[in-house]
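Data block below; observations after.
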Amino acid sequence: MTFRLKDPQRRHPKVDAYLAGDDDAHAAGRWAAELVRATIKDAEEDLYHQMPTWAVKDGVGFAHVSVYAKHASLGFTRGARLDDQHDLFAPSTSLTYRVVKLAAPGAVPKTKLIPLLRQAARIAKQESA
């Protein structure tokens, strides 16, 4: 699945609004968003299918965050192509998409998520060229 954001910005106010909330799930979503922003410095963001989504600059999307009642998810558009060395991905029937569930900020160490983000951004940059 290749898509581009409609209104990409380095930091989009719609993303911050989506992630506002006092519960652990929203806090986990904010934590994941800050991790994406800090790890992929040239990423742009917007809401795509009503979820905060990141794309490489002038390119295709590679990750998103969704918030549920009891957790947040960090999703990877081409997750099946990523080397998940720590078995972080939740079970999936999708041929391409994968997610990591986050019950609270830091529930999964940054050191385990950063390689997945970098791989996902690298694939998106290759597809955008």
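The way I read the labels, and the way they are meant: chains A, B, ... in the order of the structure tokens, residue 1 as the first residue of every chain, and ligand 1 as the first ligand shown, with later ones counted on from there.
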Check your understanding: How would you write, as a PyMOL selection string, the set of residues in chain A that DSSP gives as strand (DSSP E)?
Key -> chain A and resi 44-48+51-55+61-67+72-76+98-102
Please produce, as a tab-separated table, a per-residue contact table for stretch 22-90 of chain A versus stretch 101-116 of chain A (criterion: any atom at most 10 Å away, only C-alpha atoms considered), showing the nearest atom pair and its distance in Å to one decimal, sorted by chain then residue number.
```
residue	atom	partner	partner_atom	distance
A:Asp23	CA	A:Ala104	CA	9.2
A:Asp24	CA	A:Ala104	CA	5.4
A:Ala25	CA	A:Ala104	CA	6.2
A:His26	CA	A:Ala104	CA	8.4
A:Ala27	CA	A:Pro105	CA	6.1
A:Ala28	CA	A:Pro105	CA	4.2
A:Gly29	CA	A:Pro105	CA	7.6
A:Arg30	CA	A:Pro105	CA	8.0
A:Trp31	CA	A:Pro105	CA	5.5
A:Ala32	CA	A:Pro105	CA	7.5
A:Leu35	CA	A:Lys110	CA	7.6
A:Val36	CA	A:Ile114	CA	8.1
A:Ala38	CA	A:Ile114	CA	9.6
A:Thr39	CA	A:Ile114	CA	6.7
A:Ile40	CA	A:Ile114	CA	9.1
A:Ala63	CA	A:Leu116	CA	9.9
A:Val65	CA	A:Lys101	CA	9.9
A:Ser66	CA	A:Lys101	CA	9.6
A:Val67	CA	A:Leu102	CA	9.4
A:Tyr68	CA	A:Ala103	CA	9.8
A:Ala69	CA	A:Ala103	CA	9.9
A:Lys70	CA	A:Ala103	CA	6.6
A:His71	CA	A:Ala103	CA	4.4
A:Ala72	CA	A:Leu102	CA	5.1
A:Ser73	CA	A:Lys101	CA	4.5
A:Leu74	CA	A:Lys101	CA	6.6
A:Gly75	CA	A:Lys101	CA	8.6
A:Phe76	CA	A:Leu116	CA	8.5
A:Gly79	CA	A:Leu116	CA	8.4
A:Leu82	CA	A:Leu116	CA	6.6
A:Asp83	CA	A:Leu116	CA	7.3
A:Asp84	CA	A:Leu116	CA	7.1
A:Gln85	CA	A:Lys112	CA	8.4
A:His86	CA	A:Lys112	CA	7.0
A:Asp87	CA	A:Lys112	CA	9.7
A:Leu88	CA	A:Lys101	CA	8.1
A:Phe89	CA	A:Lys101	CA	7.7
A:Ala90	CA	A:Lys101	CA	6.9
```
